[in-house]
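Read the structure below first, then the notes.
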Amino acid sequence: MAGIMIYSDKDELSFELLSGAKLISGHTGLPINAVCINNSEQAQGLAARGAETYLINNEAINLADSQGMASALESAAIQLDANIILLSSNRRGKELSGRLAEKLAAGCLTDVGSIKVNLDKIECMRNSLGGAVLAAQMITSDYKIIAVEPRVFEEMAVGKEGPINNLKIEAQAAELEVLEQRAKVGDTANIESANILVAVGQGLKSENDMLIIKELAEALGAEIACSKPVATDKKWLPEERIIGLSGKKCKPDLAVILGISGQVQFTVGIRDARTIVAVNTDENALIMQMADYIMVADLHDLVPEMTRALLVKKRLNGVRL
Amino acid sequence: MNIVVAMKQIPDLQQVRIRNRQPVLDGVPMTFGSIDKNALETALQLKEAVGGNVIVISAGTEELEDTVKEALAAGADEAYLVLDDELEHIESSVSAHLLAELIKQIENIGIILFGEGSGDNYSGQVGPRIAEILGLPEVGYVCDIELEDSRVKVTRSLEDCEEVVRVSLPAVLTVMADINEPRIPSVTQILKAGKKPQQILEVEDIGFDLKGDKKIVTLSSLAPENKRKQITVKNGEELVDALLTEGVIRR
Ligand SMILES: Cc1cc2nc3c(=O)[nH]c(=O)nc-3n(C[C@H](O)[C@H](O)[C@H](O)COP(=O)(O)OP(=O)(O)OC[C@H]3O[C@@H](n4cnc5c(N)ncnc54)[C@H](O)[C@@H]3O)c2cc1C
Ligand SMILES: Nc1ncnc2c1ncn2[C@@H]1O[C@H](COP(=O)(O)O)[C@@H](O)[C@H]1O
């Protein structure tokens with residue numbers, strides 16, 4: 001019994017998993033099978049990227065029902081003779097991994113941030129202790145379930161066409177009924193790919209002050225990001241802009257961090273930034289310890305000052321040209 | 001109806017310092033993960049709405065007997081615990097099996113609540129694993145709950161959408177941190193918490209082989225290296241000049 005199987009409810013993430021599977025297959029020689037459930041478009045996308053694709057079409061399988069989804073993937077893994085299962089570590093993917101792992105008596109690692117293959121051993125890195133440490137872990141059970149964070153792997157490029165096979169899976173009607181689905185209010189920000197980030201935290205006094213943050217971001221050519229409470233408690237910014245353990249992991253060239261205390265659950269999302277500036281009224285704030293440039297100041301004074309300085313330099317530069 | 005809440009004991013992460021890339025846990029007090037406190041608050045609000053008992057379940061080291069008073073003071077009626085000093089760093093599958101055994105001892109369960117992720121491991125696995133062991137439906141990342149007789153209508157928050165679903169009870173739900181604001185117990189509640197019932201089990205009582213059932217090995221666990229310049233700047237202009245010199249911003 002040996003083989004790799006990938007599945008994600010999101011097309012892009014499944015294309016990323018395909019690259020992850022390639023890495024493992026390159027070291028182990030194991031075959032890769034890509035599974036799609038009730039999504040022929042995704043099947044075409046995977047096949048276009050060279051994957052041996054298996055499409056399950058069965059309306060009784062409901063994406064929202066982790067129980068039925070786990071059953072379907074369990075049957076798929078058995079039929080395809082796959083023991084290494086790569087899933088995406090988005091919310092649906094994490095839910096599914098736990099449930100599927102229990103079915104297969106498998107060890108499971110979620111939120112995996114990188115994978116290294118050593119001979120036939122798959123080492124996974126993930127945050128632990130709330131993000132205070134980075135652990136290298138390995139699954140020792142026969143079945144292995146690895147849920148990989150978004151963007152760890154690049155999407156596989158379109159290449160030689162792979163086949164699409166139909167996979168027949170029996171399913172029982174879900175015990176769960178979806179009544180409504182509403183899209184979250186659109187925000188196209190992609191803080192993970194921004195070169196410069198201005199991140200704001202609870203040191204910001206009011207929503208009105210967001211204006212000075214916007215002006216600074218504009219002068220810097222930066223995206224605006226935030227700590228979790230600014231989005232979830234204050235609701236001044238959408239959740240897509242949260243940096244950290246339950247938000248996004250970002251690697252900008254520059255992160256200007258304003259009024260954020262720097263607890264580990266935040267810093268895990270920004271510690272790979274090349275240069276970090278921290279502005280905080282408290283010189284002992286934890287964030288100061290991980291900053292390249294430390295500024296003990298009230299952000300409401302410093303931010304407009306910094307914006308002015310930037311605009312002056314730009315204008316000076318314009319004159320010189 | 002009994003409402004069960006799983007709460008994991010963890011070291012107070014705000015007090016953990018790093019030395020030689022290792023976390024220093026000596027003397028750091030234990031507490032419950034913050035999202036688990038949201039799960040408890042959810043249970044307490046459900047109880048206030050429809051009655052019933054709130055039962056906390058947990059697997060951890062002996063200190064748990066003390067830590068659990070936090071939850072009992074906040075309003076939980078009773079606790080079922082598995083205690084063993086070997087349970088300091090347990091993997092998700094082991095936690096799930098131990099907790100499932102505790103749940104099997106409780107009758108008339110309506111809802112079993114979990115945090116979306118534990119405070120230390122944040123794997124998000126334990127809730128779905130237990131749902132699988134018990135053969136129950138599960139809804140994760142819940143941000144709103146409405147009880148309807150023998151069913152529950154919940155809203156779950158996914159990355160790109162909110163999904164309203166209805167499931168029959170008993171069901172497993174995992175909640176998000178923003179579902180509520182956990183209450184802080186009063187001094188009298190804290191004093192009374194010691195008198196509330198605690199059912200305590202040992203790992204042997206459950207017949208579980210802690211070592212034999214390991215599915216994960218940890219090869220290393222280190223704090224990432226932190227090499228930062230740590231330059232203090234005095235004003236906005238000096239900061240902008242430094243960043244220009246560094247080349248991270250362009251004129
Ligand atoms: C499982 C779990 C996951 C989590 N995931 C995340 C996550 O992904 N992202 C995240 O951010 N958090 C996360 N958290 C929450 C995290 O623990 C912190 O609570 C949060 O990061 C704190 O946000 P903050 O720094 O903005 O607020 P605070 O901790 O309140 O800090 C505010 C800071 O602003 C400073 N300040 C005040 N006034 C001013 C001023 N006028 N000018 C300048 N500075 C000022 C203060 O000195 C303080 O340092 C998570 C928590 C848990 C338990
Ligand atoms: N040892 C434990 N004792 C009690 N509850 C736990 C334990 N481990 C995990 N949980 C529960 O499961 C949730 C998810 O944990 P995790 O899978 O570790 O992220 C937590 O928020 C708790 O509600």
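So you can find residues: chains in the structure tokens are A, B, ... in the order shown, residues in each start at 1, and ligands are numbered from 1 in order.
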Inset, instruction - Find the spatial neighbours of Gly194 in chain B, counting only C-alpha atoms, within a cut-off of 10 Å - ignore same-chain residues fewer than 4 positions away - and output them as a list of chain:residue names. - result: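 Using only C-alpha atoms, the neighbours found are B:Glu65, B:Asp66, B:Val68, B:Lys69, B:Glu70, B:Leu72, B:Ala73, B:Gln189, B:Ile190, B:Gln198.
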Inset, instruction - Residues within 7 Å of ligand 1, counting only C-alpha atoms and all ligand atoms: report them as a PyMOL selection string. - result: (chain A and resi 130+200-205+226-230+242-248+258-266+279-282+285+297-300) or (chain B and resi 33-35+117-119+122)
Atoms kept (N, CA and C atoms) for selection, written as a short mmCIF file (atom, residue, chain, number, x, y, z; two decimals), in the first residue's frame:
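Output file selection-v5.cif follows:
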data_model
loop_
_atom_site.label_atom_id
_atom_site.label_comp_id
_atom_site.auth_asym_id
_atom_site.auth_seq_id
_atom_site.Cartn_x
_atom_site.Cartn_y
_atom_site.Cartn_z
N GLY A 130 1.57 28.04 20.62
CA GLY A 130 0.97 29.29 20.19
C GLY A 130 1.80 30.05 19.19
N VAL A 200 -1.52 47.65 11.88
CA VAL A 200 -2.00 48.47 12.98
C VAL A 200 -2.72 47.62 14.02
N GLY A 201 -2.53 48.01 15.30
CA GLY A 201 -3.11 47.23 16.39
C GLY A 201 -3.98 48.06 17.29
N GLN A 202 -4.22 47.54 18.48
CA GLN A 202 -5.16 48.19 19.40
C GLN A 202 -4.62 49.51 19.96
N GLY A 203 -3.39 49.86 19.62
CA GLY A 203 -2.87 51.17 20.02
C GLY A 203 -3.58 52.30 19.27
N LEU A 204 -4.28 51.95 18.21
CA LEU A 204 -5.03 52.96 17.44
C LEU A 204 -6.29 53.32 18.24
N LYS A 205 -6.50 54.64 18.44
CA LYS A 205 -7.57 55.03 19.37
C LYS A 205 -8.96 54.91 18.79
N CYS A 226 -3.42 44.16 9.99
CA CYS A 226 -3.75 44.48 11.38
C CYS A 226 -3.56 43.28 12.29
N SER A 227 -3.61 43.56 13.61
CA SER A 227 -3.64 42.47 14.58
C SER A 227 -5.08 41.97 14.64
N LYS A 228 -5.27 40.82 15.24
CA LYS A 228 -6.59 40.18 15.23
C LYS A 228 -7.70 41.03 15.86
N PRO A 229 -7.47 41.60 17.07
CA PRO A 229 -8.60 42.33 17.68
C PRO A 229 -9.09 43.52 16.85
N VAL A 230 -8.23 44.12 16.05
CA VAL A 230 -8.66 45.25 15.23
C VAL A 230 -9.73 44.80 14.23
N ILE A 242 -5.78 40.18 8.80
CA ILE A 242 -5.13 39.80 10.06
C ILE A 242 -3.81 39.09 9.79
N ILE A 243 -2.77 39.53 10.51
CA ILE A 243 -1.47 38.84 10.47
C ILE A 243 -1.40 37.93 11.68
N GLY A 244 -0.90 36.70 11.50
CA GLY A 244 -0.65 35.88 12.68
C GLY A 244 -1.08 34.44 12.57
N LEU A 245 -1.11 33.79 13.72
CA LEU A 245 -1.39 32.36 13.81
C LEU A 245 -2.72 32.01 13.15
N SER A 246 -3.77 32.76 13.49
CA SER A 246 -5.05 32.46 12.86
C SER A 246 -5.32 33.38 11.68
N GLY A 247 -4.35 34.21 11.34
CA GLY A 247 -4.46 35.07 10.16
C GLY A 247 -3.46 34.64 9.11
N LYS A 248 -2.83 35.62 8.46
CA LYS A 248 -1.91 35.30 7.36
C LYS A 248 -0.45 35.33 7.81
N LEU A 258 2.45 49.25 14.05
CA LEU A 258 2.01 50.41 14.83
C LEU A 258 1.06 50.00 15.94
N GLY A 259 1.44 50.24 17.19
CA GLY A 259 0.52 49.99 18.30
C GLY A 259 0.10 48.54 18.42
N ILE A 260 1.04 47.63 18.25
CA ILE A 260 0.79 46.19 18.41
C ILE A 260 1.77 45.68 19.48
N SER A 261 1.24 44.92 20.46
CA SER A 261 2.10 44.55 21.59
C SER A 261 3.12 43.47 21.21
N GLY A 262 2.79 42.61 20.25
CA GLY A 262 3.77 41.63 19.81
C GLY A 262 3.67 40.29 20.52
N GLN A 263 2.44 39.88 20.86
CA GLN A 263 2.29 38.54 21.42
C GLN A 263 2.54 37.50 20.33
N VAL A 264 3.02 36.31 20.78
CA VAL A 264 3.47 35.33 19.79
C VAL A 264 2.47 35.05 18.69
N GLN A 265 1.18 35.01 19.04
CA GLN A 265 0.20 34.66 18.00
C GLN A 265 0.20 35.70 16.88
N PHE A 266 0.64 36.91 17.17
CA PHE A 266 0.80 37.90 16.11
C PHE A 266 2.16 37.72 15.41
N VAL A 279 6.52 50.74 16.27
CA VAL A 279 6.19 52.01 16.92
C VAL A 279 5.23 51.70 18.05
N ASN A 280 5.64 52.06 19.27
CA ASN A 280 4.82 51.72 20.42
C ASN A 280 5.13 52.71 21.55
N THR A 281 4.11 53.04 22.33
CA THR A 281 4.34 53.95 23.46
C THR A 281 5.10 53.26 24.59
N ASP A 282 5.05 51.93 24.59
CA ASP A 282 5.68 51.17 25.68
C ASP A 282 7.03 50.62 25.20
N ALA A 285 7.38 46.85 25.27
CA ALA A 285 6.47 45.97 24.52
C ALA A 285 7.30 44.88 23.83
N ALA A 297 6.99 55.96 20.69
CA ALA A 297 6.20 57.16 20.39
C ALA A 297 4.73 56.82 20.31
N ASP A 298 3.91 57.86 20.41
CA ASP A 298 2.48 57.71 20.17
C ASP A 298 2.29 57.65 18.66
N LEU A 299 1.67 56.60 18.20
CA LEU A 299 1.54 56.42 16.75
C LEU A 299 0.75 57.55 16.11
N HIS A 300 -0.14 58.15 16.88
CA HIS A 300 -0.96 59.23 16.32
C HIS A 300 -0.12 60.46 16.00
N GLY B 33 -6.87 27.68 27.39
CA GLY B 33 -6.70 28.37 26.12
C GLY B 33 -7.80 29.41 25.95
N SER B 34 -7.47 30.53 25.32
CA SER B 34 -8.44 31.63 25.33
C SER B 34 -9.68 31.30 24.51
N ILE B 35 -9.54 30.54 23.43
CA ILE B 35 -10.74 30.22 22.64
C ILE B 35 -11.61 29.20 23.38
N GLY B 117 -9.37 26.11 18.02
CA GLY B 117 -8.02 25.56 18.16
C GLY B 117 -7.56 25.73 19.59
N SER B 118 -6.73 24.81 20.07
CA SER B 118 -6.24 24.94 21.44
C SER B 118 -5.18 26.04 21.50
N GLY B 119 -4.96 26.57 22.69
CA GLY B 119 -4.05 27.70 22.85
C GLY B 119 -2.61 27.38 22.51
N TYR B 122 -3.05 24.35 18.65
CA TYR B 122 -3.86 24.98 17.61
C TYR B 122 -3.99 24.09 16.37
#
Inset, instruction - Could you give me the residues within 8 Å of ligand 2, counting only C-alpha atoms and all ligand atoms, as a VMD selection string? - result: chain B and resid 5 to 9 33 35 to 36 39 57 to 60 87 90 to 92 95 to 96 99 113 to 127 174
Inset, instruction - If you run DSSP over the backbone, which residues in range 38-274 of chain A end up strand (DSSP E or B)? Put them as JSON, numbers by chain. - result: {"A": [52, 53, 54, 55, 56, 84, 85, 86, 87, 88, 107, 108, 109, 110, 111, 112, 114, 115, 116, 117, 118, 121, 122, 123, 124, 125, 126, 127, 128, 133, 134, 135, 136, 137, 138, 139, 144, 145, 146, 147, 148, 164, 165, 166, 176, 177, 178, 179, 180, 181, 182, 183, 196, 197, 198, 199, 200, 223, 224, 225, 226, 242, 243, 248, 254, 255, 256, 257, 258]}
Inset, instruction - Give me the residues within 8 Å of Glu237 in chain B as a PyMOL selection string, counting only C-alpha atoms and dropping any in the same chain fewer than 2 places off. - result: (chain A and resi 305-306+309-310) or (chain B and resi 235+239-241)
Inset, instruction - Counting only C-alpha atoms, figure out which residue out of B:Lys195, B:His89, B:Arg129, B:Arg17 gets nearest to chain A. - result: B:Arg129
Need the shell around Ala183 in chain A: protein/DNA/RNA residues with any atom at most 10 Å away, counting only C-alpha atoms. Skip same-chain ones fewer than 2 positions apart. Format as an mmCIF file with C-alpha atoms, in the first residue's frame?
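Contents of the output file selection.cif:
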data_model
loop_
_atom_site.group_PDB
_atom_site.id
_atom_site.type_symbol
_atom_site.label_atom_id
_atom_site.label_comp_id
_atom_site.auth_asym_id
_atom_site.auth_seq_id
_atom_site.Cartn_x
_atom_site.Cartn_y
_atom_site.Cartn_z
ATOM 1 C CA GLN A 181 -24.407 30.793 2.159
ATOM 2 C CA VAL A 185 -17.997 41.534 2.084
ATOM 3 C CA GLY A 186 -15.423 41.753 -0.639
ATOM 4 C CA LEU B 158 -15.200 30.347 6.469
ATOM 5 C CA GLU B 159 -12.467 32.361 4.777
ATOM 6 C CA ASP B 160 -14.679 33.649 1.988
ATOM 7 C CA CYS B 161 -18.240 33.086 3.173
ATOM 8 C CA GLU B 162 -20.589 32.552 6.057
ATOM 9 C CA GLU B 163 -22.618 29.387 5.964
#
Legend entry - Atom-to-atom span, CA of Pro137 in chain B and CA of Gln67 in chain A, Å: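 Going from CA of Pro137 in chain B over to CA of Gln67 in chain A covers 6.4 Å.
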Inset, instruction - Counting only C-alpha atoms, figure out which residue out of B:Pro182, B:Gly135, B:Pro11, B:Pro23 gets nearest to Ala223 in chain B. - result: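 Closest to Ala223 in chain B, using only C-alpha atoms: B:Pro23.
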Inset, instruction - Go ahead and compute the interatomic distance for CA of Asn108 in chain B and CA of Val154 in chain B, in Å to one decimal. - result: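 Between CA of Asn108 in chain B and CA of Val154 in chain B the gap is 20.6 Å.
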Inset, instruction - Name the residues in contact with range 209-219 of chain A at a cut-off of 7 Å, using only C-alpha atoms, excluding same-chain residues fewer than 5 positions from it; report them as a list of chain:residue names. - result: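 Within the cut-off, the hits are A:Val198, A:Leu204, A:Ile224, A:Val303, A:Pro304, A:Thr307, A:Leu310, A:Leu311.
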Inset, instruction - Within 9 Å of Asn190 in chain A, counting only C-alpha atoms, which residues show up once you throw out same-chain ones fewer than 6 positions away? Write them as a PyMOL selection string, please. - result: chain A and resi 223+240-241
Kindly save the residues from that selection, with N, CA and C atoms included, as a short mmCIF file (atom, residue, chain, number, x, y, z; two decimals), in the first residue's frame.
data_model
loop_
_atom_site.label_atom_id
_atom_site.label_comp_id
_atom_site.auth_asym_id
_atom_site.auth_seq_id
_atom_site.Cartn_x
_atom_site.Cartn_y
_atom_site.Cartn_z
N GLU A 223 0.32 47.88 1.69
CA GLU A 223 -1.01 47.37 2.02
C GLU A 223 -1.20 47.55 3.53
N GLU A 240 -9.53 39.37 6.49
CA GLU A 240 -8.47 38.97 5.54
C GLU A 240 -7.18 39.71 5.81
N ARG A 241 -7.24 40.76 6.60
CA ARG A 241 -6.03 41.57 6.83
C ARG A 241 -5.31 41.22 8.13
#
Name all residues at most 6 Å from range 272-276 of chain A (count only C-alpha atoms; drop same-chain ones fewer than 5 positions away) and give them as a PDB file with C-alpha atoms, in the first residue's frame.
ATOM      1  CA  LYS A 251       7.105  37.934   4.366  1.00  0.00           C
ATOM      2  CA  PRO A 252       7.272  41.559   3.210  1.00  0.00           C
ATOM      3  CA  ASP A 253      10.505  43.487   2.660  1.00  0.00           C
ATOM      4  CA  LEU A 254       9.252  46.013   5.171  1.00  0.00           C
ATOM      5  CA  ALA A 255       6.672  45.828   7.945  1.00  0.00           C
ATOM      6  CA  ALA A 291      12.257  45.122  15.506  1.00  0.00           C
ATOM      7  CA  ASP A 292      15.124  46.439  13.415  1.00  0.00           C
TER       8      ASP A 292
END
Legend entry - Distance in Å - CA of Phe32 in chain B versus CA of Met138 in chain A: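 Separating CA of Phe32 in chain B from CA of Met138 in chain A is a distance of 27.1 Å.
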Legend entry - Among listed residues A:Asp120, A:Asp142, A:Glu149, A:Glu161, nearest Ser8 in chain A (using only C-alpha atoms): A:Glu149
